[in-house]
Amino acid sequence: MRKVKIFDTTLRDGEQSPGVSLTIEEKLAIAEQLSLLKVDVIEAGFPISSESDFESVKEIAKKIRDVEIAALARSNYKDIDCAWEALQEAEDPRIHVFIATSPIHMKYKLKMNEEQVLEKAIEAVRYASKYTSNIEFSAEDASRSNLEFLYKLFEKVIEAGAKVINVPDTVGYAIPEEFGEFIRKIKENTKNIDKIELSVHCHNDLGMATANTLAALKNGADQAEVAVNGIGERAGNAALEEVIMSLVTRKDYFQDFIVTQDTTKIMKLSNMVSKFTGMVIQPNKAIVGKNAFAHESGIHQDGVIKERTTYEIMDAKSIGLEKNNLVLGKHSGRHAFKEFLVKTGYKIDDENFEKLFLKFKDLASKKKNLNQVDVEALINDELYKAEDYYKLEYLSVTTGNTTLPTATIKVKVGDEVIEKAACSGDGPIDAIFKAINEIVDKDNISLLSYKIEGVTEGTDALGETTVKLKIDDDIFVGHSVETDITHASTLAYLNALNKYMTKKLQEAKKI
Ligand code: KIV
Ligand code: ZN
């Protein structure tokens with residue numbers, strides 16, 4: 001039997017998705033959930049790439065236990081020193097160094113030949129090994145690289161101290177059968193490859209990232225690099241939930257593999273990543289899409305009622321989807337609420353518990369039946385929001401088919417309350433956002449996207465709003481859930497502005 005190692009790169013490759021920017025608090029919350037799901041390695045970031053990446057790797061390394069924490073570095077001393085500095089407090093740190101090895105990348109990007117790349121890779125691994133023996137080496141664009149070169153390169157970096165060799169399909173070019181064969185050849189022809197762990201990292205440009213990952217595992221790979229909801233550069237990475245659930249669901253086919261992850265944590269993590277990144281999950285997305293366990297045709301519905309397995313190859317409960325179970329109501333007290341938090345994997349201190357409980361009671365008084373998704377939406381909204389630099393004091397909106405939409409808003413900024421009265425717009429949301437822009441007095445804000453969705457069905461459903469703002473060339477995702485959608489939109493917009501202000505204030509403190 002072989003254990004499959006799950007290496008999650010949501011916080012590094014996933015965060016490189018276009019338009020995604022996570023705060024340190026959000027990254028920590030995701031890392032916490034990844035550790036509850038029991039991934040083997042969390043790639044927390046690329047510390048040299050930005051101050052905030054450095055800080056978040058440092059925080060995760062300090063706070064998240066019982067899981068290896070990896071940080072990425074190019075093959076040079078400065079990147080490796082920086083990765084190590086960020087990783088130092090981790091229980092089990094891993095330095096992940098990489099260099100490109102394909103003829104296209106070497107010629108046009110690196111302007112180096114094979115000998116130079118080989119030398120640089122060996123030097124980087126040797127240098128990293130002065131800090132730790134837990135070193136992963138990646139040959140970027142490996143699937144388009146010359147195999148003979150890879151055999152030699154891998155032999156040398158193993159000799160230099162690499163404990164994991166990663167074979168990325170960086171541009172999602174591989175085809176499953178071919179990629180499986182590629183991995184088998186590397187296993188057969190690289191000296192000492194059996195002394196280390198072999199890993200794969202597949203991108204989804206042709207929609208085959210999961211299939212390529214599974215083909216590689218079948219042909220000898222030990223580790224799968226994945227990201228929650230399949231997010232990542234361009235079309236993304238192999239999806240964590242797809243790889244894990246394929247191995248579990250088809251254990252008859254993957255019979256010699258041991259999978260140690262807690263699959264019941266998948267749904268919560270998937271929702272969290274989607275909320276924090278502002279990346280919507282397509283309804284027909286495998287495993288975690290809204291329709292993944294929905295049955296529309298009468299024949300299918302009839303079949304599932306008679307016997308679930310007629311049309312469902314997985315039990316929704318196995319991924320933690322208990323969507324329709326009513327969990328709490330307006331009569332639920334502190335005890336029931338605490339029990340819910342423990343069961344769903346939230347670790348909450350007393351101060352936050354009181355805040356959340358009040359919010360929960362407020363929601364329960366407005367919405368009769370609360371299910372798991374409602375309560376999780378409320379918790380994620382309250383717990384991981386930025387400090388209230390701008391705090392909503394008052395909101396009034398008028399709109400209609402014969403009325404000019406107008407908004408009156410009061411926002412507290414420090415000790416001062418600023419009011420913008422009767423601001424008109426193309427619609428109520430436009431009026432609200434224009435009023436806020438006038439209050440915060442900034443002319444460099446552009447609205448990249450605005451989304452509103454019901455958390456569950458029904459007219460009393462919570463409205464979940466996501467706002468993506470571009471301010472000073474950075475992206476800030478604001479998020480809120482409320483029963484009133486104009487209120488939710490206002491809070492989401494202010495939340496994005498508060499993230500911007502938090503960043504500004506943190507930068508100012510460092511100067
Ligand atoms: O896609 C890729 O090649 C990567 C490496 C840095 C592992 O993300
Ligand atoms: Zn990648």
# chains A, B, ... in the order shown; residues from 1 in each chain; ligands from 1
call {"tool": "residues_around", "arguments": {"residues": "segment 99-107 of chain A", "least_positions_apart": "3", "cutoff": "8 Å", "atoms": "only C-alpha atoms", "output": "count of residues only"}}
result
19
call {"tool": "residues_near_ligand", "arguments": {"ligand": "ligand 1", "cutoff": "9 Å", "atoms": "only C-alpha atoms and all ligand atoms", "output": "number ranges by chain"}}
result
A: 9, 12-13, 72-74, 96-100, 137-142, 166-172, 200-203, 225, 232-233, 237
call {"tool": "closest_residue", "arguments": {"among": "A:Leu11, A:Ile313, A:Ala364, A:Leu22", "to": "ligand 2", "atoms": "only C-alpha atoms and all ligand atoms"}}
result
A:Leu11
call {"tool": "select_by_dssp", "arguments": {"residues": "segment 167-351 of chain A", "states": "helix (DSSP H, G or I)", "output": "ChimeraX atom specification"}}
result
/A:176-189,193-195,209-218,228-230,240-249,263-277,298-306,308-310,316-319,334-343,350-351
call {"tool": "residues_around", "arguments": {"residues": "Val39 of chain A", "least_positions_apart": "3", "cutoff": "10 Å", "atoms": "only C-alpha atoms", "output": "PyMOL selection string"}}
result
chain A and resi 5-8+31+33-36+42+66-68+240+259-262
call {"tool": "write_last_selection", "arguments": {"atoms": "all heavy atoms", "output": "compact mmCIF listing (two decimals), in the first residue's frame"}}
result
# COMPACT_ATOMS: atom_id res chain seq x y z
N LYS A 5 0.44 11.56 -0.78
CA LYS A 5 0.62 12.81 -0.03
C LYS A 5 -0.14 13.91 -0.75
O LYS A 5 0.00 14.07 -1.97
CB LYS A 5 2.11 13.16 0.03
CG LYS A 5 2.76 12.74 1.32
CD LYS A 5 4.07 13.47 1.52
CE LYS A 5 4.43 13.50 2.98
NZ LYS A 5 5.66 14.22 3.25
N ILE A 6 -0.94 14.66 -0.02
CA ILE A 6 -1.67 15.77 -0.62
C ILE A 6 -0.96 17.08 -0.23
O ILE A 6 -0.86 17.42 0.94
CB ILE A 6 -3.15 15.79 -0.18
CG1 ILE A 6 -3.87 14.50 -0.63
CG2 ILE A 6 -3.86 17.03 -0.71
CD1 ILE A 6 -4.06 14.32 -2.13
N PHE A 7 -0.45 17.75 -1.26
CA PHE A 7 0.28 19.01 -1.11
C PHE A 7 -0.67 20.09 -1.65
O PHE A 7 -1.00 20.10 -2.83
CB PHE A 7 1.56 18.91 -1.95
CG PHE A 7 2.41 20.15 -2.06
CD1 PHE A 7 3.70 20.18 -1.51
CD2 PHE A 7 1.99 21.27 -2.77
CE1 PHE A 7 4.51 21.30 -1.65
CE2 PHE A 7 2.78 22.38 -2.91
CZ PHE A 7 4.05 22.40 -2.36
N ASP A 8 -1.12 20.96 -0.77
CA ASP A 8 -2.08 21.97 -1.20
C ASP A 8 -1.40 23.30 -1.52
O ASP A 8 -0.65 23.83 -0.70
CB ASP A 8 -3.16 22.20 -0.14
CG ASP A 8 -4.15 23.23 -0.65
OD1 ASP A 8 -5.12 22.82 -1.29
OD2 ASP A 8 -3.91 24.45 -0.45
N ALA A 31 -5.74 28.08 5.90
CA ALA A 31 -4.71 27.12 6.36
C ALA A 31 -5.25 26.26 7.50
O ALA A 31 -5.00 25.06 7.58
CB ALA A 31 -3.45 27.87 6.78
N GLN A 33 -8.34 25.40 8.04
CA GLN A 33 -9.26 24.40 7.49
C GLN A 33 -8.51 23.31 6.73
O GLN A 33 -8.89 22.14 6.76
CB GLN A 33 -10.29 25.07 6.56
CG GLN A 33 -11.28 25.97 7.27
CD GLN A 33 -12.00 25.24 8.40
OE1 GLN A 33 -12.47 24.12 8.23
NE2 GLN A 33 -12.08 25.87 9.55
N LEU A 34 -7.43 23.70 6.04
CA LEU A 34 -6.63 22.68 5.32
C LEU A 34 -6.03 21.70 6.31
O LEU A 34 -5.94 20.50 6.04
CB LEU A 34 -5.50 23.36 4.53
CG LEU A 34 -5.91 24.04 3.22
CD1 LEU A 34 -4.80 24.94 2.71
CD2 LEU A 34 -6.28 23.01 2.16
N SER A 35 -5.62 22.22 7.47
CA SER A 35 -5.02 21.30 8.45
C SER A 35 -6.10 20.40 9.05
O SER A 35 -5.84 19.24 9.35
CB SER A 35 -4.19 22.06 9.48
OG SER A 35 -4.96 22.37 10.59
N LEU A 36 -7.33 20.92 9.21
CA LEU A 36 -8.42 20.05 9.70
C LEU A 36 -8.77 18.97 8.68
O LEU A 36 -9.16 17.86 9.04
CB LEU A 36 -9.66 20.88 10.01
CG LEU A 36 -9.59 21.78 11.25
CD1 LEU A 36 -10.83 22.65 11.34
CD2 LEU A 36 -9.46 20.93 12.52
N ILE A 42 1.07 22.22 3.30
CA ILE A 42 0.42 23.46 2.87
C ILE A 42 1.50 24.36 2.28
O ILE A 42 2.45 24.73 2.98
CB ILE A 42 -0.24 24.20 4.06
CG1 ILE A 42 -1.38 23.38 4.65
CG2 ILE A 42 -0.73 25.59 3.64
CD1 ILE A 42 -1.98 23.97 5.93
N ASP A 66 1.03 20.40 13.07
CA ASP A 66 0.70 19.05 12.57
C ASP A 66 0.60 18.94 11.06
O ASP A 66 -0.14 18.11 10.54
CB ASP A 66 -0.64 18.55 13.15
CG ASP A 66 -0.58 18.48 14.66
OD1 ASP A 66 0.50 18.12 15.18
OD2 ASP A 66 -1.59 18.80 15.31
N VAL A 67 1.27 19.82 10.35
CA VAL A 67 1.27 19.74 8.88
C VAL A 67 2.55 20.41 8.39
O VAL A 67 3.05 21.34 9.02
CB VAL A 67 -0.02 20.41 8.31
CG1 VAL A 67 -0.25 21.79 8.83
CG2 VAL A 67 -0.01 20.42 6.79
N GLU A 68 3.12 19.86 7.31
CA GLU A 68 4.33 20.51 6.77
C GLU A 68 3.93 21.83 6.12
O GLU A 68 2.90 21.91 5.46
CB GLU A 68 4.96 19.62 5.69
CG GLU A 68 5.62 18.38 6.23
CD GLU A 68 6.21 17.53 5.10
OE1 GLU A 68 6.94 18.08 4.25
OE2 GLU A 68 5.95 16.32 5.10
N LEU A 240 -8.26 19.96 -5.52
CA LEU A 240 -8.09 19.10 -4.33
C LEU A 240 -9.26 18.13 -4.19
O LEU A 240 -9.07 16.91 -4.02
CB LEU A 240 -7.97 20.00 -3.10
CG LEU A 240 -8.02 19.34 -1.72
CD1 LEU A 240 -7.03 20.03 -0.78
CD2 LEU A 240 -9.39 19.36 -1.10
N VAL A 259 -5.52 6.90 1.50
CA VAL A 259 -5.87 8.33 1.52
C VAL A 259 -6.24 8.67 2.96
O VAL A 259 -7.11 8.02 3.55
CB VAL A 259 -7.07 8.61 0.58
CG1 VAL A 259 -7.47 10.08 0.62
CG2 VAL A 259 -6.72 8.19 -0.84
N THR A 260 -5.58 9.68 3.54
CA THR A 260 -5.78 9.93 4.97
C THR A 260 -6.54 11.23 5.25
O THR A 260 -6.64 11.67 6.39
CB THR A 260 -4.42 9.98 5.69
OG1 THR A 260 -3.59 10.92 5.00
CG2 THR A 260 -3.75 8.63 5.72
N GLN A 261 -7.05 11.86 4.19
CA GLN A 261 -7.73 13.15 4.41
C GLN A 261 -9.16 12.96 4.94
O GLN A 261 -9.77 11.92 4.70
CB GLN A 261 -7.78 13.95 3.09
CG GLN A 261 -6.49 14.63 2.73
CD GLN A 261 -5.35 13.68 2.48
OE1 GLN A 261 -5.49 12.71 1.75
NE2 GLN A 261 -4.21 13.94 3.10
N ASP A 262 -9.64 13.98 5.66
CA ASP A 262 -11.02 13.97 6.16
C ASP A 262 -11.89 14.67 5.11
O ASP A 262 -11.99 15.89 5.07
CB ASP A 262 -11.07 14.71 7.50
CG ASP A 262 -12.48 14.76 8.07
OD1 ASP A 262 -13.42 14.31 7.37
OD2 ASP A 262 -12.63 15.25 9.19
call {"tool": "closest_residue", "arguments": {"among": "A:Lys130, A:Asp474, A:Tyr151, A:Lys412", "to": "Pro18 of chain A", "atoms": "only C-alpha atoms"}}
result
A:Asp474
call {"tool": "select_by_dssp", "arguments": {"residues": "segment 173-309 of chain A", "states": "strand (DSSP E)", "output": "MDAnalysis selection string"}}
result
chainID A and resid 197:202 223:226 257:258
call {"tool": "write_last_selection", "arguments": {"atoms": "all heavy atoms", "output": "mmCIF file, in the first residue's frame"}}
result
data_model
loop_
_atom_site.group_PDB
_atom_site.id
_atom_site.type_symbol
_atom_site.label_atom_id
_atom_site.label_comp_id
_atom_site.auth_asym_id
_atom_site.auth_seq_id
_atom_site.Cartn_x
_atom_site.Cartn_y
_atom_site.Cartn_z
ATOM 1 N N GLU A 197 10.618 11.257 -2.627
ATOM 2 C CA GLU A 197 9.206 11.206 -3.027
ATOM 3 C C GLU A 197 9.046 11.908 -4.368
ATOM 4 O O GLU A 197 9.619 12.982 -4.582
ATOM 5 C CB GLU A 197 8.353 11.927 -1.975
ATOM 6 C CG GLU A 197 8.095 11.066 -0.763
ATOM 7 C CD GLU A 197 7.514 11.864 0.396
ATOM 8 O OE1 GLU A 197 7.126 13.032 0.219
ATOM 9 O OE2 GLU A 197 7.474 11.293 1.502
ATOM 10 N N LEU A 198 8.258 11.308 -5.228
ATOM 11 C CA LEU A 198 8.018 11.896 -6.543
ATOM 12 C C LEU A 198 6.647 12.575 -6.526
ATOM 13 O O LEU A 198 5.658 12.002 -6.066
ATOM 14 C CB LEU A 198 8.063 10.797 -7.608
ATOM 15 C CG LEU A 198 8.048 11.261 -9.067
ATOM 16 C CD1 LEU A 198 9.234 12.176 -9.370
ATOM 17 C CD2 LEU A 198 8.095 10.043 -10.007
ATOM 18 N N SER A 199 6.636 13.812 -7.041
ATOM 19 C CA SER A 199 5.413 14.621 -6.955
ATOM 20 C C SER A 199 4.996 15.102 -8.346
ATOM 21 O O SER A 199 5.826 15.209 -9.259
ATOM 22 C CB SER A 199 5.724 15.823 -6.051
ATOM 23 O OG SER A 199 4.728 16.800 -6.156
ATOM 24 N N VAL A 200 3.706 15.417 -8.506
ATOM 25 C CA VAL A 200 3.251 16.052 -9.750
ATOM 26 C C VAL A 200 2.411 17.281 -9.428
ATOM 27 O O VAL A 200 1.770 17.356 -8.377
ATOM 28 C CB VAL A 200 2.442 15.092 -10.654
ATOM 29 C CG1 VAL A 200 3.354 14.069 -11.303
ATOM 30 C CG2 VAL A 200 1.294 14.443 -9.913
ATOM 31 N N HIS A 201 2.418 18.209 -10.384
ATOM 32 C CA HIS A 201 1.734 19.498 -10.194
ATOM 33 C C HIS A 201 1.134 19.835 -11.563
ATOM 34 O O HIS A 201 1.859 20.250 -12.471
ATOM 35 C CB HIS A 201 2.803 20.515 -9.755
ATOM 36 C CG HIS A 201 2.365 21.931 -9.687
ATOM 37 N ND1 HIS A 201 2.236 22.608 -8.502
ATOM 38 C CD2 HIS A 201 2.065 22.834 -10.654
ATOM 39 C CE1 HIS A 201 1.879 23.861 -8.731
ATOM 40 N NE2 HIS A 201 1.767 24.019 -10.045
ATOM 41 N N CYS A 202 -0.170 19.587 -11.723
ATOM 42 C CA CYS A 202 -0.758 19.702 -13.062
ATOM 43 C C CYS A 202 -1.688 20.901 -13.196
ATOM 44 O O CYS A 202 -2.547 21.125 -12.342
ATOM 45 C CB CYS A 202 -1.532 18.429 -13.389
ATOM 46 S SG CYS A 202 -0.456 16.985 -13.414
ATOM 47 N N GLN A 223 3.113 12.072 -4.518
ATOM 48 C CA GLN A 223 2.495 13.300 -4.014
ATOM 49 C C GLN A 223 1.707 13.997 -5.132
ATOM 50 O O GLN A 223 2.182 14.090 -6.258
ATOM 51 C CB GLN A 223 3.589 14.242 -3.504
ATOM 52 C CG GLN A 223 3.080 15.622 -3.091
ATOM 53 C CD GLN A 223 4.169 16.505 -2.509
ATOM 54 O OE1 GLN A 223 4.553 16.356 -1.359
ATOM 55 N NE2 GLN A 223 4.656 17.447 -3.311
ATOM 56 N N ALA A 224 0.521 14.501 -4.786
ATOM 57 C CA ALA A 224 -0.287 15.262 -5.741
ATOM 58 C C ALA A 224 -0.368 16.698 -5.262
ATOM 59 O O ALA A 224 -0.759 16.949 -4.120
ATOM 60 C CB ALA A 224 -1.686 14.666 -5.830
ATOM 61 N N GLU A 225 -0.002 17.640 -6.135
ATOM 62 C CA GLU A 225 -0.139 19.061 -5.776
ATOM 63 C C GLU A 225 -1.479 19.551 -6.323
ATOM 64 O O GLU A 225 -1.774 19.406 -7.509
ATOM 65 C CB GLU A 225 1.043 19.858 -6.339
ATOM 66 C CG GLU A 225 2.351 19.340 -5.770
ATOM 67 C CD GLU A 225 3.510 20.321 -5.801
ATOM 68 O OE1 GLU A 225 3.397 21.420 -6.396
ATOM 69 O OE2 GLU A 225 4.550 19.979 -5.226
ATOM 70 N N VAL A 226 -2.260 20.145 -5.435
ATOM 71 C CA VAL A 226 -3.647 20.483 -5.777
ATOM 72 C C VAL A 226 -4.033 21.825 -5.175
ATOM 73 O O VAL A 226 -3.323 22.345 -4.310
ATOM 74 C CB VAL A 226 -4.606 19.408 -5.208
ATOM 75 C CG1 VAL A 226 -4.427 18.068 -5.892
ATOM 76 C CG2 VAL A 226 -4.429 19.255 -3.691
ATOM 77 N N PHE A 257 -3.671 2.497 -2.864
ATOM 78 C CA PHE A 257 -3.405 3.810 -2.255
ATOM 79 C C PHE A 257 -4.095 3.978 -0.902
ATOM 80 O O PHE A 257 -5.208 3.510 -0.712
ATOM 81 C CB PHE A 257 -3.910 4.939 -3.160
ATOM 82 C CG PHE A 257 -3.168 5.017 -4.455
ATOM 83 C CD1 PHE A 257 -3.660 4.406 -5.597
ATOM 84 C CD2 PHE A 257 -1.960 5.686 -4.532
ATOM 85 C CE1 PHE A 257 -2.965 4.463 -6.787
ATOM 86 C CE2 PHE A 257 -1.255 5.746 -5.724
ATOM 87 C CZ PHE A 257 -1.761 5.130 -6.860
ATOM 88 N N ILE A 258 -3.391 4.665 -0.022
ATOM 89 C CA ILE A 258 -4.024 5.019 1.256
ATOM 90 C C ILE A 258 -4.278 6.533 1.233
ATOM 91 O O ILE A 258 -3.365 7.316 0.961
ATOM 92 C CB ILE A 258 -3.098 4.684 2.450
ATOM 93 C CG1 ILE A 258 -2.778 3.193 2.444
ATOM 94 C CG2 ILE A 258 -3.730 5.106 3.758
ATOM 95 C CD1 ILE A 258 -1.713 2.817 3.442
#
call {"tool": "atom_distance", "arguments": {"atom1": "atom CA of Ala336 of chain A", "atom2": "atom CA of Phe353 of chain A"}}
result
12.4 Å
call {"tool": "closest_residue", "arguments": {"among": "A:Ser396, A:Thr263, A:Thr403, A:Thr483", "to": "Leu37 of chain A", "atoms": "only C-alpha atoms"}}
result
A:Thr263
